[in-house]
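Down below is the structure, laid out as structure tokens.
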Amino acid sequence: MLKTDIAIIGAGPAGLNAAISAASMGAGVLLLDRDEFVGGQLIKQTHKFFGSREQHASTRGIDIAGLLHEKVKEYKNIELRLGATVLGYYPDGVITAEYQGRLLKIKAQRYIVATGAAEKSLPFPNNDLPGIYGAGAVQTLTNVYGVLPGQRVLMVGSGNIGLIVSYQLMQAGVEVAGIVEAAPNIGGYLVHAAKIRRAGVPVFTSHTIKEAYGDSVVQGAVIWQLDEKWQPVPGTEKDIKADVICVAVGLTPLTELLWQAGCKMKFVSQLGGHVPVRDENMMTTMPDIYVAGDVSGVEEASAAMVEGKIAGLCAAASIGCSTGEFDELRSRALSQLAELRSGPAGEKIRSGLKLLV
């Protein structure tokens with residue numbers, strides 16, 4: 001049985017910041033991740049981040065992962081275990097994890113769940129043909145391993161992920177045949193959309209995929225228009241040749257541990273699906289469990305980092321750890337989070353949180 005003050009599940013942007021914040025308060029931290037590297041989705045992000053200096057603005061995601069990892073190494077009270085897959089949460093407040101072929105039992109005073117999110121898929125005929133990927137898989141191939149998924153891609157989804165991955169593929173020499181978006185307008189930030197527009201990539205708003213086709217691999221897709229009731233309009237079909245179809249239609253929080261622990265959950269479409277009810281300190285309805293990052297609602301990585309900071313500070317303070325700066329640090333982090341969610345771009349998140357907090 002391993003015992004620690006705070007166990008953090010997930011070493012992505014939220015989990016890393018939670019570990020740093022909790023350790024800075026004097027708490028002993030056990031940081032677990034199933035991968036053999038830290039950073040989560042950051043290791044795929046070659047674009048520069050927005051936000052403020054405290055969220056590493058103008059720094060590429062892959063570099064942010066490295067910076068946070070180095071910061072974690074500075075704390076003797078953080079134990080990092082990579083390749084550790086957390087398997088379950090049990091009624092006595094113990095979690096289990098598989099690590100190096102052994103089953104570990106871990107007992108912590110507080111848990112911070114920062115497990116992130118998984119990609120959503122899209123049902124259409126032949127969506128299982130080789131050459132049809134999620135956007136995260138395409139980013140992994142291209143940005144992590146330097147392997148092109150194909151030569152001509154059709155992107156489905158014009159949110160930030162769809163726009164960013166499209167641009168990254170073009171930088172790698174892949175032709176983007178078009179971007180298909182079911183909504184009447186592009187969903188991502190204007191700065192990303194402008195790059196796509198300048199490159200001459202056609203964006204088919206109010207369209208969706210009718211079907212993919214190909215013999216043994218994908219060779220193209222038929223798309224068609226949607227009416228104001230989101231119903232397909234026969235006779236509007238367009239045939240687009242492509243050897244890759246990249247599906248970027250959103251993420252859904254990875255909440256299995258929270259369900260297992262008995263946290264109160266609520267379906268909030270604006271936040272990606274079922275998410276835990278929690279307070280502004282990121283504490284769930286189970287007082288020993290905190291959350292941070294996409295598992296608590298799908299947002300940008302900048303927001304995940306700030307949520308991790310809040311969760312780490314508050315979880316540590318709840319067990320009596322304090323440096324005397326807690327109130328100031330917490331207040332500053334809450335202000336940063338409010339700023340990140342301000343303006344028209346944050347309206348979706350704000351409306352979701354009103355249903356949840």
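Residue names in the structure tokens use chain letters A, B, ... in the order shown, residue numbers from 1 in each chain, and ligand numbers from 1 in the order shown.
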
So that I can see what lies close to Gly28 of chain A, please list as a compact mmCIF listing (two decimals) with C-alpha atoms, in the first residue's frame the residues with an atom at most 7 Å from it, counting only C-alpha atoms and leaving out residues fewer than 4 positions away in the same chain.
# COMPACT_ATOMS: atom_id res chain seq x y z
CA THR A 4 0.57 9.94 0.06
CA ASP A 5 -1.07 13.27 0.78
CA ILE A 6 -2.36 13.84 -2.76
CA ALA A 23 3.85 20.51 -3.82
CA ASN A 77 7.93 15.98 -2.59
CA ILE A 78 6.60 14.97 -6.03

Mind dumping a table of every segment 54-143 of chain A residue within 10 Å of segment 249-270 of chain A, with the nearest atom pair and its distance in Å to one decimal, using only C-alpha atoms, sorted by chain and rising number, as JSON lines?
{"residue": "A:Val86", "atom": "CA", "partner": "A:Leu257", "partner_atom": "CA", "distance": 8.8}
{"residue": "A:Leu87", "atom": "CA", "partner": "A:Leu257", "partner_atom": "CA", "distance": 8.2}
{"residue": "A:Gly88", "atom": "CA", "partner": "A:Leu257", "partner_atom": "CA", "distance": 6.3}
{"residue": "A:Tyr89", "atom": "CA", "partner": "A:Ala261", "partner_atom": "CA", "distance": 5.7}
{"residue": "A:Tyr90", "atom": "CA", "partner": "A:Ala261", "partner_atom": "CA", "distance": 6.8}
{"residue": "A:Pro91", "atom": "CA", "partner": "A:Ala261", "partner_atom": "CA", "distance": 7.2}
{"residue": "A:Asp92", "atom": "CA", "partner": "A:Ala261", "partner_atom": "CA", "distance": 10.0}
{"residue": "A:Gly93", "atom": "CA", "partner": "A:Ala261", "partner_atom": "CA", "distance": 8.4}
{"residue": "A:Val94", "atom": "CA", "partner": "A:Ala261", "partner_atom": "CA", "distance": 10.0}
{"residue": "A:Ile95", "atom": "CA", "partner": "A:Leu257", "partner_atom": "CA", "distance": 9.4}
{"residue": "A:Val113", "atom": "CA", "partner": "A:Leu258", "partner_atom": "CA", "distance": 8.0}
{"residue": "A:Ala114", "atom": "CA", "partner": "A:Leu254", "partner_atom": "CA", "distance": 8.9}
{"residue": "A:Thr115", "atom": "CA", "partner": "A:Leu254", "partner_atom": "CA", "distance": 6.1}
{"residue": "A:Gly116", "atom": "CA", "partner": "A:Leu254", "partner_atom": "CA", "distance": 5.9}
{"residue": "A:Ala117", "atom": "CA", "partner": "A:Pro253", "partner_atom": "CA", "distance": 4.1}
{"residue": "A:Ala118", "atom": "CA", "partner": "A:Leu251", "partner_atom": "CA", "distance": 5.4}
{"residue": "A:Glu119", "atom": "CA", "partner": "A:Leu251", "partner_atom": "CA", "distance": 4.4}
{"residue": "A:Lys120", "atom": "CA", "partner": "A:Leu251", "partner_atom": "CA", "distance": 5.2}
{"residue": "A:Ser121", "atom": "CA", "partner": "A:Val249", "partner_atom": "CA", "distance": 6.9}
{"residue": "A:Leu122", "atom": "CA", "partner": "A:Val249", "partner_atom": "CA", "distance": 7.4}
{"residue": "A:Gly134", "atom": "CA", "partner": "A:Val249", "partner_atom": "CA", "distance": 8.7}
{"residue": "A:Ala135", "atom": "CA", "partner": "A:Val249", "partner_atom": "CA", "distance": 8.7}

C-alpha atoms of the current selection, written as a PDB file, in the first residue's frame:
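To be explicit, this is the file written out as out-v8.pdb:
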ATOM      1  CA  VAL A  86      -5.085   3.577 -12.704  1.00  0.00           C
ATOM      2  CA  LEU A  87      -7.683   0.803 -12.753  1.00  0.00           C
ATOM      3  CA  GLY A  88     -10.267   1.707 -10.164  1.00  0.00           C
ATOM      4  CA  TYR A  89     -11.479   3.647  -7.138  1.00  0.00           C
ATOM      5  CA  TYR A  90     -12.883   1.691  -4.221  1.00  0.00           C
ATOM      6  CA  PRO A  91     -15.310   2.572  -1.378  1.00  0.00           C
ATOM      7  CA  ASP A  92     -12.540   2.681   1.227  1.00  0.00           C
ATOM      8  CA  GLY A  93     -10.893   5.541  -0.653  1.00  0.00           C
ATOM      9  CA  VAL A  94      -8.184   3.395  -2.235  1.00  0.00           C
ATOM     10  CA  ILE A  95      -7.229   3.399  -5.905  1.00  0.00           C
ATOM     11  CA  VAL A 113      -8.529  13.382 -11.369  1.00  0.00           C
ATOM     12  CA  ALA A 114      -7.014  14.950 -14.488  1.00  0.00           C
ATOM     13  CA  THR A 115      -7.634  12.180 -16.995  1.00  0.00           C
ATOM     14  CA  GLY A 116      -8.503  14.434 -19.941  1.00  0.00           C
ATOM     15  CA  ALA A 117     -10.873  13.522 -22.749  1.00  0.00           C
ATOM     16  CA  ALA A 118     -11.257  11.140 -25.692  1.00  0.00           C
ATOM     17  CA  GLU A 119     -12.180  11.933 -29.262  1.00  0.00           C
ATOM     18  CA  LYS A 120     -15.747  11.609 -30.424  1.00  0.00           C
ATOM     19  CA  SER A 121     -16.473   9.700 -33.609  1.00  0.00           C
ATOM     20  CA  LEU A 122     -19.025  10.234 -36.364  1.00  0.00           C
ATOM     21  CA  GLY A 134      -9.480  10.990 -35.436  1.00  0.00           C
ATOM     22  CA  ALA A 135      -7.669  14.328 -35.394  1.00  0.00           C
TER      23      ALA A 135
END

- Message: I'd like the interatomic distance between atom CA of Tyr167 of chain A and atom CA of Glu299 of chain A, to a tenth of an Å.
- Response: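 That distance, rounded to one decimal, is 20.2 Å.
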
- Within 12 Å of Ala248 of chain A using only C-alpha atoms, minus same-chain residues under 2 positions, as a VMD selection string: chain A and resid 118 to 122 132 to 139 154 to 166 179 to 182 187 to 188 245 to 246 250 to 252

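Proximity to Ile209 of chain A at 10 Å, evaluated using only C-alpha atoms and with sequence-adjacent residues fewer than 2 positions away removed, yields Leu122, Pro123, Phe124, Pro125, Asn127, Val156, Val180, Glu181, Ala182, His207, Glu211, Ala212, Ala221, Val222, Ile223, Trp224, Gln225, Pro232, Glu237 and Lys238 of chain A.
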
- Backbone DSSP call of alpha helix (DSSP H) for segment 242-275 of chain A, listed as a PyMOL selection string: chain A and resi 256-261

Output file for the residues above (N, CA and C atoms, as a JSON list (two decimals), in the first residue's frame):
[["chain", "number", "residue", "atom", "x", "y", "z"],
["A", 256, "GLU", "N", -14.67, 7.83, -16.20],
["A", 256, "GLU", "CA", -14.99, 6.53, -15.61],
["A", 256, "GLU", "C", -14.69, 6.46, -14.11],
["A", 257, "LEU", "N", -13.54, 6.96, -13.71],
["A", 257, "LEU", "CA", -13.17, 6.91, -12.29],
["A", 257, "LEU", "C", -14.14, 7.70, -11.42],
["A", 258, "LEU", "N", -14.63, 8.81, -11.95],
["A", 258, "LEU", "CA", -15.55, 9.65, -11.19],
["A", 258, "LEU", "C", -16.90, 8.97, -11.00],
["A", 259, "TRP", "N", -17.37, 8.29, -12.03],
["A", 259, "TRP", "CA", -18.60, 7.51, -11.90],
["A", 259, "TRP", "C", -18.40, 6.42, -10.84],
["A", 260, "GLN", "N", -17.25, 5.74, -10.93],
["A", 260, "GLN", "CA", -16.97, 4.64, -10.02],
["A", 260, "GLN", "C", -16.89, 5.12, -8.57],
["A", 261, "ALA", "N", -16.36, 6.33, -8.39],
["A", 261, "ALA", "CA", -16.20, 6.87, -7.03],
["A", 261, "ALA", "C", -17.51, 7.38, -6.45]]

- So which one's closest to Ala316 of chain A, A:Ser21, A:Ile186, A:Leu355, A:Arg341? Using only C-alpha atoms, please.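 Counting only C-alpha atoms, the residue closest to Ala316 of chain A is A:Ser21.
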
- Message: I want to know what sits within 10 Å of Ala301 of chain A, based on only C-alpha atoms, with residues of the same chain fewer than 5 positions away left out; could you give that as number ranges by chain?
- Response: A: 12-14, 41-42, 49-51, 55, 61, 293-294, 306-307

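Using only C-alpha atoms, the smallest distance between any of A:Trp230, A:Tyr111, A:Tyr213, A:Tyr145 and Val244 of chain A comes from A:Tyr213.
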
- Query: Which value, in Å to one decimal, gives the distance between atom CA of Ser296 of chain A and atom CA of Ile310 of chain A?
  - Reply: 12.8 Å

- Message: Applying 9 Å and only C-alpha atoms, which residues near Ala315 of chain A remain after dropping the ones on its own chain fewer than 3 positions away? List them as number ranges by chain.
- Response: A: 6, 22, 110-112, 281-283, 288-290, 310-312, 318-319, 321

Please, could you write that set of residues out with all heavy atoms as a compact mmCIF listing (two decimals), in the first residue's frame?
# COMPACT_ATOMS: atom_id res chain seq x y z
N ILE A 6 -1.52 13.59 -1.58
CA ILE A 6 -2.36 13.84 -2.76
C ILE A 6 -1.89 12.95 -3.91
O ILE A 6 -0.71 12.95 -4.26
CB ILE A 6 -2.31 15.31 -3.19
CG1 ILE A 6 -2.84 16.21 -2.07
CG2 ILE A 6 -3.10 15.53 -4.48
CD1 ILE A 6 -2.69 17.70 -2.34
N ALA A 22 0.29 21.85 -5.60
CA ALA A 22 0.14 21.14 -4.33
C ALA A 22 1.49 20.99 -3.63
O ALA A 22 1.60 21.16 -2.41
CB ALA A 22 -0.49 19.77 -4.58
N ARG A 110 -6.29 13.07 -0.52
CA ARG A 110 -7.05 13.72 -1.58
C ARG A 110 -6.60 13.16 -2.94
O ARG A 110 -5.42 12.83 -3.13
CB ARG A 110 -6.84 15.24 -1.57
CG ARG A 110 -7.30 15.93 -0.31
CD ARG A 110 -8.80 15.92 -0.16
NE ARG A 110 -9.23 16.66 1.02
CZ ARG A 110 -9.42 16.11 2.23
NH1 ARG A 110 -9.20 14.81 2.41
NH2 ARG A 110 -9.82 16.85 3.24
N TYR A 111 -7.56 13.09 -3.86
CA TYR A 111 -7.26 12.68 -5.22
C TYR A 111 -7.62 13.83 -6.17
O TYR A 111 -8.64 14.50 -5.98
CB TYR A 111 -8.07 11.44 -5.61
CG TYR A 111 -7.73 10.22 -4.79
CD1 TYR A 111 -8.48 9.88 -3.66
CD2 TYR A 111 -6.65 9.42 -5.13
CE1 TYR A 111 -8.16 8.78 -2.90
CE2 TYR A 111 -6.32 8.30 -4.37
CZ TYR A 111 -7.08 7.99 -3.26
OH TYR A 111 -6.76 6.89 -2.50
N ILE A 112 -6.78 14.04 -7.17
CA ILE A 112 -7.10 14.99 -8.24
C ILE A 112 -7.15 14.20 -9.54
O ILE A 112 -6.15 13.63 -9.98
CB ILE A 112 -6.06 16.12 -8.34
CG1 ILE A 112 -6.00 16.91 -7.03
CG2 ILE A 112 -6.39 17.05 -9.51
CD1 ILE A 112 -4.92 17.99 -7.00
N ASN A 281 -13.56 25.59 -6.29
CA ASN A 281 -12.25 25.07 -5.88
C ASN A 281 -11.91 23.77 -6.59
O ASN A 281 -10.88 23.15 -6.29
CB ASN A 281 -12.22 24.84 -4.37
CG ASN A 281 -12.29 26.14 -3.59
OD1 ASN A 281 -11.86 27.18 -4.07
ND2 ASN A 281 -12.84 26.08 -2.39
N MET A 282 -12.79 23.33 -7.50
CA MET A 282 -12.63 22.10 -8.27
C MET A 282 -12.87 20.84 -7.44
O MET A 282 -12.48 19.75 -7.84
CB MET A 282 -11.26 22.03 -8.95
CG MET A 282 -10.91 23.23 -9.81
SD MET A 282 -12.17 23.65 -11.07
CE MET A 282 -12.14 22.23 -12.13
N MET A 283 -13.53 20.99 -6.27
CA MET A 283 -13.89 19.84 -5.45
C MET A 283 -15.22 19.28 -5.91
O MET A 283 -16.19 20.02 -6.09
CB MET A 283 -13.97 20.22 -3.97
CG MET A 283 -14.21 19.02 -3.05
SD MET A 283 -14.32 19.50 -1.29
CE MET A 283 -15.97 20.22 -1.24
N ASP A 288 -13.08 14.12 -1.02
CA ASP A 288 -11.68 13.75 -1.19
C ASP A 288 -11.26 13.75 -2.65
O ASP A 288 -10.11 13.44 -2.96
CB ASP A 288 -11.40 12.37 -0.57
CG ASP A 288 -12.17 11.24 -1.25
OD1 ASP A 288 -13.28 11.53 -1.78
OD2 ASP A 288 -11.69 10.10 -1.27
N ILE A 289 -12.16 14.12 -3.56
CA ILE A 289 -11.86 14.06 -4.99
C ILE A 289 -12.02 15.44 -5.64
O ILE A 289 -13.09 16.05 -5.56
CB ILE A 289 -12.75 13.04 -5.72
CG1 ILE A 289 -12.52 11.63 -5.14
CG2 ILE A 289 -12.47 13.04 -7.22
CD1 ILE A 289 -13.40 10.57 -5.76
N TYR A 290 -10.96 15.88 -6.28
CA TYR A 290 -10.95 17.12 -7.05
C TYR A 290 -10.75 16.77 -8.52
O TYR A 290 -10.30 15.67 -8.86
CB TYR A 290 -9.82 18.04 -6.57
CG TYR A 290 -10.02 18.62 -5.19
CD1 TYR A 290 -9.96 17.82 -4.05
CD2 TYR A 290 -10.28 19.98 -5.02
CE1 TYR A 290 -10.17 18.35 -2.79
CE2 TYR A 290 -10.47 20.53 -3.75
CZ TYR A 290 -10.42 19.71 -2.64
OH TYR A 290 -10.61 20.25 -1.39
N ILE A 310 -5.59 25.56 -9.48
CA ILE A 310 -6.62 25.75 -8.44
C ILE A 310 -6.85 24.45 -7.67
O ILE A 310 -6.90 24.44 -6.43
CB ILE A 310 -7.93 26.23 -9.08
CG1 ILE A 310 -7.76 27.63 -9.67
CG2 ILE A 310 -9.07 26.22 -8.06
CD1 ILE A 310 -8.91 28.08 -10.55
N ALA A 311 -6.98 23.33 -8.39
CA ALA A 311 -7.21 22.04 -7.74
C ALA A 311 -6.06 21.68 -6.81
O ALA A 311 -6.28 21.21 -5.69
CB ALA A 311 -7.43 20.96 -8.78
N GLY A 312 -4.83 21.89 -7.26
CA GLY A 312 -3.67 21.57 -6.44
C GLY A 312 -3.61 22.41 -5.18
O GLY A 312 -3.36 21.89 -4.07
N SER A 318 -6.90 21.88 1.92
CA SER A 318 -7.95 21.13 2.62
C SER A 318 -7.40 20.11 3.60
O SER A 318 -8.13 19.63 4.47
CB SER A 318 -8.87 20.44 1.60
OG SER A 318 -8.21 19.34 0.99
N ILE A 319 -6.11 19.75 3.47
CA ILE A 319 -5.50 18.81 4.42
C ILE A 319 -4.53 19.53 5.36
O ILE A 319 -3.70 18.91 6.02
CB ILE A 319 -4.80 17.64 3.70
CG1 ILE A 319 -3.72 18.13 2.75
CG2 ILE A 319 -5.81 16.78 2.97
CD1 ILE A 319 -2.88 17.02 2.15
N CYS A 321 -2.20 21.96 4.56
CA CYS A 321 -0.95 22.48 4.01
C CYS A 321 -1.15 23.94 3.61
O CYS A 321 -2.16 24.29 2.99
CB CYS A 321 -0.51 21.68 2.79
SG CYS A 321 -0.15 19.95 3.16

- Going by DSSP on the backbone, which bits of segment 61-268 of chain A are strand (DSSP E)? Write them as a ChimeraX atom specification, please. /A:78-82,84-89,94-99,102-113,117-119,132-134,152-156,175-181,203-205,207-213,220-225,238-241,244-247,251-253,265-268

Okay, now the selection with C-alpha atoms, as an mmCIF file, in the first residue's frame?
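Printed below is selection.cif as written:
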data_model
loop_
_atom_site.group_PDB
_atom_site.id
_atom_site.type_symbol
_atom_site.label_atom_id
_atom_site.label_comp_id
_atom_site.auth_asym_id
_atom_site.auth_seq_id
_atom_site.Cartn_x
_atom_site.Cartn_y
_atom_site.Cartn_z
ATOM 1 C CA ILE A 78 6.604 14.966 -6.031
ATOM 2 C CA GLU A 79 6.939 11.306 -6.974
ATOM 3 C CA LEU A 80 6.281 10.771 -10.696
ATOM 4 C CA ARG A 81 5.344 7.314 -11.927
ATOM 5 C CA LEU A 82 4.922 6.951 -15.680
ATOM 6 C CA ALA A 84 1.070 3.575 -14.332
ATOM 7 C CA THR A 85 -2.509 2.853 -15.390
ATOM 8 C CA VAL A 86 -5.085 3.577 -12.704
ATOM 9 C CA LEU A 87 -7.683 0.803 -12.753
ATOM 10 C CA GLY A 88 -10.267 1.707 -10.164
ATOM 11 C CA TYR A 89 -11.479 3.647 -7.138
ATOM 12 C CA VAL A 94 -8.184 3.395 -2.235
ATOM 13 C CA ILE A 95 -7.229 3.399 -5.905
ATOM 14 C CA THR A 96 -5.424 0.609 -7.739
ATOM 15 C CA ALA A 97 -2.943 0.952 -10.570
ATOM 16 C CA GLU A 98 -0.975 -1.404 -12.804
ATOM 17 C CA TYR A 99 2.714 -0.455 -12.739
ATOM 18 C CA ARG A 102 2.479 -5.204 -10.504
ATOM 19 C CA LEU A 103 -0.821 -4.145 -8.966
ATOM 20 C CA LEU A 104 -0.395 -1.146 -6.674
ATOM 21 C CA LYS A 105 -2.810 -0.037 -3.974
ATOM 22 C CA ILE A 106 -2.666 3.681 -3.273
ATOM 23 C CA LYS A 107 -4.234 5.522 -0.350
ATOM 24 C CA ALA A 108 -4.262 9.325 -0.478
ATOM 25 C CA GLN A 109 -5.966 11.964 1.622
ATOM 26 C CA ARG A 110 -7.049 13.719 -1.581
ATOM 27 C CA TYR A 111 -7.262 12.679 -5.221
ATOM 28 C CA ILE A 112 -7.099 14.991 -8.244
ATOM 29 C CA VAL A 113 -8.529 13.382 -11.369
ATOM 30 C CA ALA A 117 -10.873 13.522 -22.749
ATOM 31 C CA ALA A 118 -11.257 11.140 -25.692
ATOM 32 C CA GLU A 119 -12.180 11.933 -29.262
ATOM 33 C CA ILE A 132 -10.137 7.387 -41.573
ATOM 34 C CA TYR A 133 -8.640 8.852 -38.398
ATOM 35 C CA GLY A 134 -9.480 10.990 -35.436
ATOM 36 C CA ARG A 152 -4.792 14.466 -49.600
ATOM 37 C CA VAL A 153 -7.034 14.891 -46.562
ATOM 38 C CA LEU A 154 -10.671 15.811 -46.065
ATOM 39 C CA MET A 155 -11.159 17.370 -42.634
ATOM 40 C CA VAL A 156 -14.509 16.935 -40.879
ATOM 41 C CA GLU A 175 -2.998 18.792 -49.433
ATOM 42 C CA VAL A 176 -6.223 19.651 -47.609
ATOM 43 C CA ALA A 177 -9.070 18.989 -50.043
ATOM 44 C CA GLY A 178 -11.598 20.795 -47.873
ATOM 45 C CA ILE A 179 -13.111 21.223 -44.429
ATOM 46 C CA VAL A 180 -16.648 19.986 -43.795
ATOM 47 C CA GLU A 181 -18.657 21.715 -41.052
ATOM 48 C CA VAL A 203 -14.793 25.260 -46.193
ATOM 49 C CA PHE A 204 -18.166 23.582 -46.679
ATOM 50 C CA THR A 205 -20.369 24.957 -43.896
ATOM 51 C CA HIS A 207 -22.508 20.180 -44.851
ATOM 52 C CA THR A 208 -21.809 16.690 -43.526
ATOM 53 C CA ILE A 209 -20.473 13.400 -44.833
ATOM 54 C CA LYS A 210 -22.985 11.202 -46.582
ATOM 55 C CA GLU A 211 -20.580 8.285 -47.017
ATOM 56 C CA ALA A 212 -16.952 7.349 -47.488
ATOM 57 C CA TYR A 213 -15.902 4.997 -50.279
ATOM 58 C CA GLY A 220 -12.876 9.696 -51.101
ATOM 59 C CA ALA A 221 -16.168 10.817 -49.627
ATOM 60 C CA VAL A 222 -19.532 12.121 -50.696
ATOM 61 C CA ILE A 223 -20.708 15.136 -48.729
ATOM 62 C CA TRP A 224 -24.066 16.854 -48.863
ATOM 63 C CA GLN A 225 -25.730 20.022 -47.630
ATOM 64 C CA LYS A 238 -20.392 16.562 -53.833
ATOM 65 C CA ASP A 239 -17.683 13.948 -54.468
ATOM 66 C CA ILE A 240 -14.310 14.758 -52.893
ATOM 67 C CA LYS A 241 -11.307 12.553 -53.587
ATOM 68 C CA VAL A 244 -7.388 10.455 -45.598
ATOM 69 C CA ILE A 245 -10.555 11.508 -43.803
ATOM 70 C CA CYS A 246 -9.781 13.233 -40.499
ATOM 71 C CA VAL A 247 -12.658 13.450 -38.022
ATOM 72 C CA LEU A 251 -14.018 15.465 -27.311
ATOM 73 C CA THR A 252 -15.825 13.748 -24.481
ATOM 74 C CA PRO A 253 -14.498 13.754 -20.883
ATOM 75 C CA MET A 265 -22.466 13.768 -12.591
ATOM 76 C CA LYS A 266 -24.469 15.897 -14.973
ATOM 77 C CA PHE A 267 -24.789 15.939 -18.750
ATOM 78 C CA VAL A 268 -23.792 19.364 -20.083
#
